[in-house]
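Raw contents of my_file_0.csv, CSV, C-alpha atoms:
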```csv
chain,number,residue,atom,x,y,z
F,1,MET,CA,23.2,-63.3,-26.2
F,2,GLU,CA,19.9,-65.1,-26.0
F,3,ASP,CA,16.9,-63.1,-27.2
F,4,ILE,CA,14.5,-63.1,-24.1
F,5,ARG,CA,11.8,-60.9,-25.6
F,6,PRO,CA,8.2,-62.2,-25.7
F,7,VAL,CA,7.4,-64.6,-28.6
F,8,LYS,CA,4.9,-62.2,-30.1
F,9,GLU,CA,7.4,-59.4,-30.2
F,10,LYS,CA,10.0,-61.6,-31.9
F,11,GLN,CA,7.4,-62.8,-34.4
F,12,ARG,CA,6.5,-59.2,-35.2
F,13,ASP,CA,10.2,-58.4,-36.0
F,14,GLU,CA,10.2,-61.1,-38.6
F,15,LYS,CA,7.4,-59.5,-40.6
F,16,ARG,CA,7.8,-57.2,-43.6
F,17,ILE,CA,8.0,-53.5,-42.9
F,18,VAL,CA,5.1,-51.7,-44.5
F,19,ILE,CA,5.5,-48.2,-43.1
F,20,ASP,CA,8.9,-46.8,-42.2
F,21,VAL,CA,8.8,-43.4,-40.5
F,22,SER,CA,12.4,-42.1,-40.2
F,23,HIS,CA,13.4,-38.9,-38.3
F,24,VAL,CA,10.3,-37.0,-39.5
F,25,SER,CA,9.9,-33.4,-38.5
F,26,MET,CA,7.3,-30.9,-39.6
F,27,GLN,CA,7.2,-27.1,-39.3
F,28,PHE,CA,4.4,-24.7,-40.3
F,29,ARG,CA,4.7,-21.0,-40.8
F,30,ILE,CA,1.9,-19.2,-38.9
F,31,SER,CA,1.0,-15.5,-38.9
F,32,GLY,CA,0.9,-13.7,-35.6
F,33,GLU,CA,-2.2,-11.8,-34.4
F,34,ALA,CA,-3.3,-9.2,-37.0
F,35,PRO,CA,-2.4,-5.6,-36.1
F,36,GLY,CA,-5.4,-3.5,-35.0
F,37,SER,CA,-4.3,-0.3,-36.8
F,38,LEU,CA,-1.7,1.0,-39.2
F,39,LYS,CA,0.2,2.5,-36.3
F,40,GLU,CA,0.4,-0.9,-34.6
F,41,PHE,CA,1.5,-2.4,-37.9
F,42,LEU,CA,4.3,0.2,-38.3
F,43,ILE,CA,5.5,-0.3,-34.7
F,44,ARG,CA,5.6,-4.1,-35.2
F,45,ALA,CA,7.5,-3.6,-38.4
F,46,LEU,CA,10.1,-1.5,-36.7
F,47,LYS,CA,10.4,-4.1,-34.0
F,48,ARG,CA,10.5,-6.9,-36.7
F,49,GLN,CA,7.4,-8.5,-35.2
F,50,ASN,CA,5.4,-8.9,-38.4
F,51,SER,CA,7.3,-11.9,-39.6
F,52,PRO,CA,5.5,-15.3,-39.6
F,53,GLN,CA,6.4,-17.6,-36.7
F,54,LEU,CA,7.6,-21.2,-37.1
F,55,LEU,CA,5.5,-23.8,-35.4
F,56,LYS,CA,7.3,-27.2,-35.0
F,57,ALA,CA,4.4,-29.7,-35.1
F,58,LEU,CA,6.7,-32.8,-35.2
F,59,ASP,CA,10.3,-33.2,-34.0
F,60,ASP,CA,12.3,-36.3,-35.1
F,61,ILE,CA,9.6,-39.0,-35.1
F,62,SER,CA,10.7,-42.6,-36.0
F,63,PHE,CA,8.8,-45.9,-35.9
F,64,GLN,CA,7.9,-48.8,-38.1
F,65,ALA,CA,4.6,-50.6,-38.8
F,66,ARG,CA,5.0,-54.1,-40.0
F,67,GLU,CA,2.6,-56.3,-42.0
F,68,GLY,CA,-0.6,-56.9,-40.1
F,69,ASP,CA,0.2,-54.4,-37.3
F,70,VAL,CA,-2.5,-52.3,-35.8
F,71,VAL,CA,-0.6,-49.3,-34.5
F,72,GLY,CA,-2.1,-46.8,-32.1
F,73,ILE,CA,-0.9,-43.1,-32.0
F,74,ILE,CA,-1.6,-41.4,-28.7
F,75,GLY,CA,-0.9,-38.1,-27.1
F,76,THR,CA,-2.6,-35.0,-25.8
F,77,ASN,CA,-4.4,-32.5,-28.1
F,78,GLY,CA,-2.0,-30.5,-30.3
F,79,SER,CA,0.8,-33.1,-30.2
F,80,GLY,CA,0.9,-33.6,-33.9
F,81,LYS,CA,-0.9,-36.9,-34.3
F,82,SER,CA,-3.2,-36.0,-37.2
F,83,THR,CA,-0.3,-34.2,-38.9
F,84,LEU,CA,1.7,-37.4,-38.7
F,85,LEU,CA,-1.1,-39.4,-40.3
F,86,LYS,CA,-1.4,-36.9,-43.2
F,87,ILE,CA,2.4,-37.2,-43.8
F,88,ILE,CA,2.2,-41.0,-43.8
F,89,SER,CA,-0.8,-40.9,-46.3
F,90,GLY,CA,1.1,-38.5,-48.5
F,91,ALA,CA,-1.2,-35.5,-48.0
F,92,LEU,CA,1.6,-33.5,-46.4
F,93,ARG,CA,5.4,-33.6,-47.1
F,94,PRO,CA,7.6,-33.5,-44.0
F,95,THR,CA,10.0,-30.6,-43.5
F,96,ALA,CA,12.7,-33.2,-42.7
F,97,GLY,CA,13.0,-37.0,-42.6
F,98,THR,CA,11.3,-39.6,-44.8
F,99,VAL,CA,8.3,-42.0,-44.8
F,100,ALA,CA,8.6,-45.2,-46.8
F,101,ALA,CA,5.2,-46.6,-47.7
F,102,ASP,CA,3.4,-47.6,-50.9
F,103,ARG,CA,1.0,-44.7,-51.1
F,104,SER,CA,-1.1,-46.4,-53.8
F,105,LYS,CA,-2.2,-48.9,-51.1
F,106,VAL,CA,-3.0,-46.3,-48.4
F,107,GLN,CA,-6.5,-45.2,-47.5
F,108,LEU,CA,-6.9,-42.3,-44.9
F,109,LEU,CA,-10.2,-42.2,-43.2
F,110,THR,CA,-11.0,-38.9,-41.6
F,111,LEU,CA,-14.4,-37.3,-41.0
F,112,GLY,CA,-15.9,-33.8,-41.2
F,113,THR,CA,-14.2,-32.6,-44.4
F,114,GLY,CA,-15.5,-32.2,-48.0
F,115,PHE,CA,-19.1,-31.4,-47.3
F,116,ASP,CA,-21.0,-28.3,-48.7
F,117,MET,CA,-23.8,-27.6,-46.3
F,118,GLU,CA,-25.8,-25.8,-48.9
F,119,LEU,CA,-26.0,-28.9,-51.1
F,120,THR,CA,-28.4,-31.9,-50.5
F,121,ALA,CA,-27.2,-35.0,-48.8
F,122,ARG,CA,-27.3,-36.9,-52.1
F,123,GLU,CA,-25.2,-34.2,-53.8
F,124,ASN,CA,-22.7,-34.4,-51.0
F,125,VAL,CA,-22.3,-38.2,-51.3
F,126,TYR,CA,-21.0,-37.6,-54.8
F,127,LEU,CA,-18.9,-34.6,-53.8
F,128,ASN,CA,-17.4,-36.2,-50.8
F,129,GLY,CA,-16.9,-39.5,-52.6
F,130,ALA,CA,-15.0,-37.7,-55.4
F,131,LEU,CA,-12.8,-36.0,-52.9
F,132,THR,CA,-12.1,-39.4,-51.2
F,133,GLY,CA,-11.1,-40.8,-54.6
F,134,TYR,CA,-14.2,-42.7,-55.7
F,135,SER,CA,-15.3,-42.7,-59.3
F,136,ARG,CA,-18.9,-41.7,-60.1
F,137,ALA,CA,-19.5,-45.3,-61.2
F,138,TYR,CA,-18.3,-46.6,-57.9
F,139,ILE,CA,-20.5,-44.1,-56.0
F,140,ASP,CA,-23.5,-45.2,-58.1
F,141,LYS,CA,-22.8,-48.8,-57.2
F,142,LYS,CA,-22.4,-48.0,-53.5
F,143,TYR,CA,-25.0,-45.3,-53.1
F,144,ASP,CA,-27.9,-47.3,-51.6
F,145,GLU,CA,-25.5,-49.1,-49.3
F,146,ILE,CA,-24.1,-45.8,-48.0
F,147,VAL,CA,-27.6,-44.4,-47.4
F,148,ALA,CA,-28.7,-47.5,-45.6
F,149,PHE,CA,-25.7,-47.7,-43.4
F,150,ALA,CA,-26.0,-44.0,-42.4
F,151,GLU,CA,-29.7,-44.7,-41.7
F,152,LEU,CA,-30.7,-41.6,-43.7
F,153,GLU,CA,-33.4,-43.1,-46.1
F,154,GLY,CA,-35.9,-40.3,-46.8
F,155,PHE,CA,-33.5,-37.5,-45.9
F,156,MET,CA,-31.2,-37.5,-48.9
F,157,GLY,CA,-33.0,-34.7,-50.7
F,158,GLU,CA,-32.6,-32.4,-47.7
F,159,ARG,CA,-29.8,-29.8,-47.6
F,160,MET,CA,-27.0,-30.7,-45.2
F,161,LYS,CA,-27.4,-27.5,-43.2
F,162,ASN,CA,-30.7,-28.9,-41.9
F,163,PHE,CA,-29.0,-32.1,-40.6
F,164,SER,CA,-28.0,-32.6,-37.0
F,165,SER,CA,-24.3,-33.2,-36.2
F,166,GLY,CA,-25.0,-36.9,-35.6
F,167,MET,CA,-26.6,-37.2,-39.1
F,168,VAL,CA,-23.6,-35.5,-40.7
F,169,SER,CA,-21.2,-37.8,-38.9
F,170,ARG,CA,-23.1,-40.9,-39.9
F,171,LEU,CA,-23.1,-39.9,-43.5
F,172,ALA,CA,-19.4,-39.0,-43.4
F,173,PHE,CA,-18.5,-42.4,-41.8
F,174,ALA,CA,-20.6,-44.3,-44.3
F,175,ILE,CA,-18.9,-42.6,-47.3
F,176,ALA,CA,-15.4,-43.0,-45.8
F,177,THR,CA,-15.8,-46.7,-45.2
F,178,ALA,CA,-17.6,-47.6,-48.4
F,179,ARG,CA,-14.4,-48.7,-50.1
F,180,ASP,CA,-13.1,-52.2,-49.9
F,181,THR,CA,-10.3,-52.5,-47.3
F,182,PRO,CA,-6.9,-51.4,-48.6
F,183,GLU,CA,-3.6,-52.9,-47.6
F,184,ILE,CA,-2.8,-49.9,-45.5
F,185,LEU,CA,-5.6,-48.3,-43.5
F,186,ILE,CA,-5.2,-45.0,-41.6
F,187,LEU,CA,-7.9,-44.0,-39.2
F,188,ASP,CA,-8.1,-40.5,-37.7
F,189,GLU,CA,-10.6,-40.4,-34.8
F,190,VAL,CA,-13.4,-42.3,-36.7
F,191,LEU,CA,-14.3,-44.7,-33.9
F,192,SER,CA,-16.5,-42.3,-31.9
F,193,VAL,CA,-19.3,-41.6,-34.4
F,194,GLY,CA,-23.0,-41.0,-33.7
F,195,ASP,CA,-25.1,-42.3,-30.8
F,196,MET,CA,-24.5,-45.5,-28.8
F,197,PHE,CA,-26.3,-47.8,-31.3
F,198,PHE,CA,-24.6,-46.4,-34.4
F,199,ARG,CA,-21.2,-46.4,-32.6
F,200,LYS,CA,-21.5,-50.1,-32.1
F,201,LYS,CA,-22.3,-50.6,-35.8
F,202,SER,CA,-19.4,-48.4,-36.9
F,203,GLU,CA,-17.0,-50.2,-34.5
F,204,GLN,CA,-18.1,-53.5,-36.0
F,205,ARG,CA,-17.3,-52.2,-39.6
F,206,ILE,CA,-13.9,-50.9,-38.5
F,207,GLN,CA,-13.2,-54.2,-36.7
F,208,GLU,CA,-14.0,-56.1,-40.0
F,209,MET,CA,-11.5,-53.8,-41.8
F,210,ILE,CA,-8.9,-54.2,-39.1
F,211,HIS,CA,-9.1,-57.9,-39.1
F,212,SER,CA,-9.0,-58.3,-42.9
F,213,GLY,CA,-5.2,-58.4,-42.7
F,214,ALA,CA,-4.6,-54.8,-43.4
F,215,THR,CA,-1.8,-52.8,-41.7
F,216,VAL,CA,-3.7,-50.2,-39.7
F,217,VAL,CA,-2.6,-46.9,-38.0
F,218,ILE,CA,-5.2,-45.4,-35.6
F,219,VAL,CA,-5.3,-42.1,-33.8
F,220,SER,CA,-7.7,-42.0,-30.9
F,221,HIS,CA,-8.1,-40.2,-27.6
F,222,SER,CA,-9.5,-43.3,-26.1
F,223,LEU,CA,-7.0,-45.6,-24.5
F,224,ASP,CA,-9.7,-48.3,-24.5
F,225,VAL,CA,-9.8,-48.2,-28.3
F,226,ILE,CA,-6.0,-48.5,-28.5
F,227,LEU,CA,-5.8,-51.3,-26.0
F,228,LYS,CA,-8.7,-53.2,-27.6
F,229,ASN,CA,-7.5,-53.0,-31.2
F,230,CYS,CA,-3.7,-52.3,-31.3
F,231,ASN,CA,-0.7,-54.6,-30.8
F,232,TYR,CA,1.7,-51.7,-31.0
F,233,ALA,CA,1.6,-48.0,-30.0
F,234,VAL,CA,3.4,-44.7,-30.4
F,235,TRP,CA,3.2,-41.9,-27.9
F,236,ILE,CA,3.8,-38.4,-29.2
F,237,GLU,CA,3.8,-35.4,-26.8
F,238,LYS,CA,4.0,-31.8,-28.0
F,239,GLY,CA,5.5,-33.1,-31.3
F,240,LYS,CA,8.2,-35.2,-29.6
F,241,MET,CA,8.5,-39.0,-29.4
F,242,ARG,CA,8.0,-40.1,-25.9
F,243,MET,CA,7.6,-43.9,-26.1
F,244,SER,CA,6.9,-46.8,-28.5
F,245,GLY,CA,6.3,-50.5,-28.0
F,246,SER,CA,3.5,-52.8,-27.1
F,247,ALA,CA,0.2,-51.1,-26.7
F,248,GLY,CA,-0.2,-52.1,-23.1
F,249,GLU,CA,3.2,-50.7,-22.1
F,250,VAL,CA,2.8,-47.4,-24.0
F,251,CYS,CA,-0.7,-46.8,-22.7
F,252,GLU,CA,0.5,-47.5,-19.1
F,253,GLY,CA,3.3,-45.0,-19.5
F,254,TYR,CA,0.9,-42.4,-20.9
F,255,GLN,CA,-1.6,-43.0,-18.0
F,256,ARG,CA,1.2,-42.4,-15.5
F,257,TYR,CA,2.1,-39.2,-17.3
F,258,GLN,CA,-1.5,-38.0,-17.2
F,259,SER,CA,-1.9,-38.9,-13.5
F,260,GLY,CA,1.3,-36.9,-12.7
F,261,LYS,CA,-0.2,-33.8,-14.4
F,262,LYS,CA,-3.2,-33.8,-12.1
```

Please re-express this file's structure in structure tokens.
Amino acid sequence: MEDIRPVKEKQRDEKRIVIDVSHVSMQFRISGEAPGSLKEFLIRALKRQNSPQLLKALDDISFQAREGDVVGIIGTNGSGKSTLLKIISGALRPTAGTVAADRSKVQLLTLGTGFDMELTARENVYLNGALTGYSRAYIDKKYDEIVAFAELEGFMGERMKNFSSGMVSRLAFAIATARDTPEILILDEVLSVGDMFFRKKSEQRIQEMIHSGATVVIVSHSLDVILKNCNYAVWIEKGKMRMSGSAGEVCEGYQRYQSGKK
């Protein structure tokens, strides 16, 4: 039978698979609400209500990212998108299923973690950089560039607790994107940082990373970001796979779903 799919889709299928997510599921054990008294604890124990509950964050997720793909992951809050990115990067191990990817070539960019607000901004550059995987020599080399990009000259001796949320976000973004672009780049909601002017600058840096030839996976709540940057998309809803395919088709399906909920 003749293959009547669009040329771009057929060309994509000919490229090397870089990330292969196969039947991935993820469960977390969560504790229920703490009992308010010993009596309540004993009553719950008799009713066997003190056992931790199982939360299924992901349920049988499968898709592939091929060389040069920019894959968008969409879905409502709590659908397991960030959990999936952590599994792909190797930060989490799935309860079931497998992810085939060269983890030595993966860089996960996520903001808002690894800062000690009692330390100065300078100290936090080295702390956060170390947690990201940078050597001290590499941070020494990139330090001035990080400060300049974050537009924080003159503030690096201040404790982070005195910074505005925008200043913290700018510094986090500058540190996270200081590394040369890896072969596999995973972005967790890093395209909405700072004010309008800084956001344009951060989007330009991400665009440079995306168009460097890397295989990219993006989580974003903005469908405009997905449509603008991605050739492929995966829609996960409440941990379950709803749709995958071209970014335009998947975003259209997601928009219809959102409209039906209103």

One-decimal distance in Å that lies between atom CA of F:Asp180 and atom CA of F:Ser82: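 If I compute the distance from atom CA of F:Ser82 to atom CA of F:Asp180, I get 22.8 Å.
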
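Minimum atom-to-atom distance to F:Trp235, evaluated using all atoms listed in the file, belongs to F:Tyr257 out of F:Tyr257, F:Phe163, F:Phe173, F:Tyr138.
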
Atomic separation - atom CA of F:Arg93 relative to atom CA of F:Ile184, Å: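 A separation of 18.3 Å between them.
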
Gap from atom CA of F:Ile19 to atom CA of F:His211 - Å, one decimal: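 Those two atoms sit 18.0 Å apart.
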
Selection: 10 Å around F:Thr76, only C-alpha atoms, excl. self and same-chain fewer than 3 positions, as a ChimeraX atom specification: /F:79-81,221,235-239,254,258

Selected residues written out, C-alpha atoms, as an mmCIF file, keeping the file's coordinate frame:
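So part.cif came out as:
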```cif
data_model
loop_
_atom_site.group_PDB
_atom_site.id
_atom_site.type_symbol
_atom_site.label_atom_id
_atom_site.label_comp_id
_atom_site.auth_asym_id
_atom_site.auth_seq_id
_atom_site.Cartn_x
_atom_site.Cartn_y
_atom_site.Cartn_z
ATOM 1 C CA SER F 79 0.800 -33.100 -30.200
ATOM 2 C CA GLY F 80 0.900 -33.600 -33.900
ATOM 3 C CA LYS F 81 -0.900 -36.900 -34.300
ATOM 4 C CA HIS F 221 -8.100 -40.200 -27.600
ATOM 5 C CA TRP F 235 3.200 -41.900 -27.900
ATOM 6 C CA ILE F 236 3.800 -38.400 -29.200
ATOM 7 C CA GLU F 237 3.800 -35.400 -26.800
ATOM 8 C CA LYS F 238 4.000 -31.800 -28.000
ATOM 9 C CA GLY F 239 5.500 -33.100 -31.300
ATOM 10 C CA TYR F 254 0.900 -42.400 -20.900
ATOM 11 C CA GLN F 258 -1.500 -38.000 -17.200
#
```

Which residue of F:Ile74, F:Ala178, F:Val225, F:Val106 approaches F:Gly253 most closely, using only C-alpha atoms: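 Under the stated criterion, the closest residue is F:Ile74.
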
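Of the listed residues F:Lys240, F:Lys142, F:Arg205, F:Arg16, the one whose atoms come nearest to F:Ala101 is F:Arg16, with distances taken using all atoms listed in the file.
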
Selection: 9 Å around F:Arg12, all atoms listed in the file, excl. self and same-chain fewer than 5 positions, as a list in words: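 Once the adjacent positions are removed, what remains is Val7, Arg66, Glu67, Gly68 and Asp69 of chain F.
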
Nearest candidate to F:Arg242 (options F:Gly157, F:Gly213, F:Gly166, F:Gly75; using only C-alpha atoms):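 When distances to F:Arg242 are compared using only C-alpha atoms, the smallest one comes from F:Gly75.
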
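Of the residues under consideration (F:Glu189, F:Glu158, F:Glu151, F:Asp144), F:Glu151 shows the shortest atom-to-atom contact distance to F:Lys201 when counting all atoms listed in the file.
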
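The protein and nucleic acid residues lying at most 12 Å from stretch 118-120 of chain F are Gly114, Phe115, Asp116, Arg122, Glu123, Asn124, Val125, Tyr126, Leu127, Asn128, Gly154, Phe155, Met156, Gly157, Glu158, Arg159, Met160, Lys161, Asn162, Phe163, Val168 and Leu171 of chain F, with all atoms listed in the file considered and sequence neighbours fewer than 2 positions away removed.
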
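Closest to F:Ser212 among F:Ile226, F:Leu185, F:Val71, F:Ile139 is F:Leu185, based on only C-alpha atoms.
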
Calculate, to one decimal in Å, the centre and edge lengths of the box along x, y and z of the file that holds all listed atoms of stretch 238-252 of chain F with 6 Å of margin on each side, and present them as JSON.
```
{"center_x": 3.9, "center_y": -42.3, "center_z": -25.2, "size_x": 21.2, "size_y": 33.0, "size_z": 24.2}
```
